[in-house]
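Right, one structure below, let's go through it.
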Amino acid sequence: MPTKTNPAADPQRYLDPLTLAKVRGLELQARLIVEGYISGMHKSPYHGFSVEFAQHREYVPGDDIKHIDWKVYSRTGRFYLKQYEEETNLICWILLDTSESMNYGSGQITKYDYACMAAAGLAYLITNQSDSVGFITFDHEVRHFLKPSSQPSQLKEMVRLMNLGAGRAKSRMGPLLHELAERFTRRSIVVVISDMFDELHEILTGFKHLRHKRHEVVLWNVLDGAELTFPFQEATLFRGLEQYPDILTDPRALRDGYLEQISKFVRDLQRGCRDQNIDYVQLRTDTPLNVALSSYLAHRLTRSK
């Protein structure tokens, strides 16, 4: 098993200079939303906290209590927030899987480390172009929640949370995606970074909820090369993750069946994303991240023109 990251580790651990150099000149542009990518360019048709009142919405945990309408509370006994029209920039939420399976790595880098570098590179790009990034870590529940910000300190705080490492909990993304679909009050780009080893139907239903709320969803499916090729030859002890038992077996007897199952899993996931107009990007830990990330972002930029 890979070693967990020490929280006191180098704060630059996940800021890969090659990746940052590649993405710095690219622009992340929303393909499906029109909520302006440079602050102040146009009037947003959506609602935030500015000066012109638009409507009320019900309070959810984590909202700023200073926007509660106490007059409405005195009449109804329920908490509602005042919402206002505003001049806004783009918001990108990065959802990082910290479940135990992300600790796996057949080489020098784990899926979790690779995912963290991808998240840090994307956050650097977003804040560098004066847009806002929010950050969530999760397994079967939300572990950390950073509200969107375009300040340079946001990236530093994200890296601090990444350095806490992945946990030992099992993932369950479906209910969590439904919760976040209701919690994200502004149309955004939602980037999910995960190995996706979970109940596929529940995940796709959660994605559908996000799309129904008119968010753009992007999936970065992080997989280890060995998970896709199953190169094992000798008798091997496969260590169980996320509450599965260890198994000692001859991998040659399992190889054909395993490869068939993993191929079907990837195909079904790709098809489910395609049906909902969700970008699916497979990130292999044996591929240089700067190449994979800059290739995808360049593709987005070309497509949006």
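Residue numbering restarts at 1 in every chain; chains get A, B, ... in the order shown in the structure tokens, and ligands count up from 1 in that same order.
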
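Every protein, DNA or RNA residue with an atom at most 7 Å from Ala166 of chain A, where only C-alpha atoms count and chain neighbours fewer than 6 positions away do not, is listed here: Thr98, Ser99, Glu100, Met102, Asn103 and Tyr112 of chain A.
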
How would the residues just chosen look if you wrote them out with N, CA and C atoms as a PDB file, in the first residue's frame?
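Ended up saving to result_4.pdb:
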```pdb
ATOM      1  N   THR A  98     -11.544  11.166  -2.369  1.00  0.00           N
ATOM      2  CA  THR A  98     -10.529  10.808  -1.377  1.00  0.00           C
ATOM      3  C   THR A  98     -10.832   9.456  -0.738  1.00  0.00           C
ATOM      4  N   SER A  99     -11.599   8.606  -1.430  1.00  0.00           N
ATOM      5  CA  SER A  99     -11.896   7.272  -0.904  1.00  0.00           C
ATOM      6  C   SER A  99     -10.654   6.388  -0.980  1.00  0.00           C
ATOM      7  N   GLU A 100     -10.705   5.245  -0.314  1.00  0.00           N
ATOM      8  CA  GLU A 100      -9.502   4.424  -0.133  1.00  0.00           C
ATOM      9  C   GLU A 100      -8.933   3.892  -1.440  1.00  0.00           C
ATOM     10  N   MET A 102      -8.456   5.318  -4.098  1.00  0.00           N
ATOM     11  CA  MET A 102      -7.584   6.306  -4.739  1.00  0.00           C
ATOM     12  C   MET A 102      -6.144   6.187  -4.239  1.00  0.00           C
ATOM     13  N   ASN A 103      -5.915   5.428  -3.168  1.00  0.00           N
ATOM     14  CA  ASN A 103      -4.559   5.227  -2.658  1.00  0.00           C
ATOM     15  C   ASN A 103      -3.737   4.265  -3.507  1.00  0.00           C
ATOM     16  N   TYR A 112      -4.383   8.983  -6.238  1.00  0.00           N
ATOM     17  CA  TYR A 112      -4.692  10.178  -5.458  1.00  0.00           C
ATOM     18  C   TYR A 112      -3.692  11.297  -5.753  1.00  0.00           C
TER      19      TYR A 112
END
```

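Atom to atom, atom CA of Met173 of chain A and atom CA of Cys92 of chain A stand 18.6 Å apart.
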
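Nearest-residue note for Val217 of chain A: choosing from A:Arg274, A:Arg168, A:Arg75, A:Lys264, the minimum distance belongs to A:Arg274, counting only C-alpha atoms.
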
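Excluding Asp275 of chain A itself and same-chain residues fewer than 2 positions from it, the residues having an atom within 12 Å of it are Leu204, Thr205, Phe207, Lys208, Arg211, Asp268, Leu269, Gln270, Arg271, Gly272, Cys273, Asn277, Ile278, Asp279 and Tyr280 of chain A, counting only C-alpha atoms.
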
Can I get the selection written as an mmCIF file, in the first residue's frame, with C-alpha atoms?
```
data_model
loop_
_atom_site.group_PDB
_atom_site.id
_atom_site.type_symbol
_atom_site.label_atom_id
_atom_site.label_comp_id
_atom_site.auth_asym_id
_atom_site.auth_seq_id
_atom_site.Cartn_x
_atom_site.Cartn_y
_atom_site.Cartn_z
ATOM 1 C CA LEU A 204 -25.105 8.714 -13.651
ATOM 2 C CA THR A 205 -28.381 9.588 -11.935
ATOM 3 C CA PHE A 207 -24.879 13.559 -12.944
ATOM 4 C CA LYS A 208 -28.340 13.846 -14.492
ATOM 5 C CA ARG A 211 -27.270 18.607 -15.699
ATOM 6 C CA ASP A 268 -20.614 2.020 -19.948
ATOM 7 C CA LEU A 269 -19.206 5.054 -18.156
ATOM 8 C CA GLN A 270 -18.244 6.736 -21.417
ATOM 9 C CA ARG A 271 -21.655 6.013 -22.910
ATOM 10 C CA GLY A 272 -23.448 7.337 -19.847
ATOM 11 C CA CYS A 273 -21.453 10.568 -20.017
ATOM 12 C CA ASN A 277 -23.386 15.646 -22.938
ATOM 13 C CA ILE A 278 -20.723 15.271 -20.248
ATOM 14 C CA ASP A 279 -17.036 15.454 -21.132
ATOM 15 C CA TYR A 280 -15.331 12.159 -20.255
#
```

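Take the candidates A:Gly174, A:Gly167, A:Leu146, A:Leu81 and check each one against Glu199 of chain A using only C-alpha atoms; the shortest distance goes to A:Gly174.
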
Original post:
DSSP says alpha helix (DSSP H) for which residues of segment 46-159 of chain A? Put them as a PyMOL selection string?
Top reply: chain A and resi 70-76+111-128+152-159

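The shortest atom-to-atom distance to Met162 of chain A, with only C-alpha atoms taken into account, belongs to A:Asp97 out of A:Asp97, A:Asp286, A:Asp139, A:Asp131.
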
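Take the candidates A:Val142, A:Ala115, A:Leu155, A:Ile94 and check each one against Val191 of chain A using only C-alpha atoms; the shortest distance goes to A:Ile94.
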
What's the 6 Å shell around Ile136 of chain A, counting only C-alpha atoms, without same-chain residues fewer than 3 positions away, as a PDB file with N, CA and C atoms, in the first residue's frame?
```
ATOM      1  N   LEU A  95     -14.365  18.560  -7.628  1.00  0.00           N
ATOM      2  CA  LEU A  95     -14.753  17.532  -6.678  1.00  0.00           C
ATOM      3  C   LEU A  95     -13.694  16.428  -6.722  1.00  0.00           C
ATOM      4  N   HIS A 144     -14.416  17.994   2.971  1.00  0.00           N
ATOM      5  CA  HIS A 144     -13.990  19.394   3.057  1.00  0.00           C
ATOM      6  C   HIS A 144     -14.714  20.187   1.974  1.00  0.00           C
ATOM      7  N   PHE A 145     -15.067  21.415   2.302  1.00  0.00           N
ATOM      8  CA  PHE A 145     -15.858  22.256   1.412  1.00  0.00           C
ATOM      9  C   PHE A 145     -15.278  23.666   1.430  1.00  0.00           C
TER      10      PHE A 145
END
```
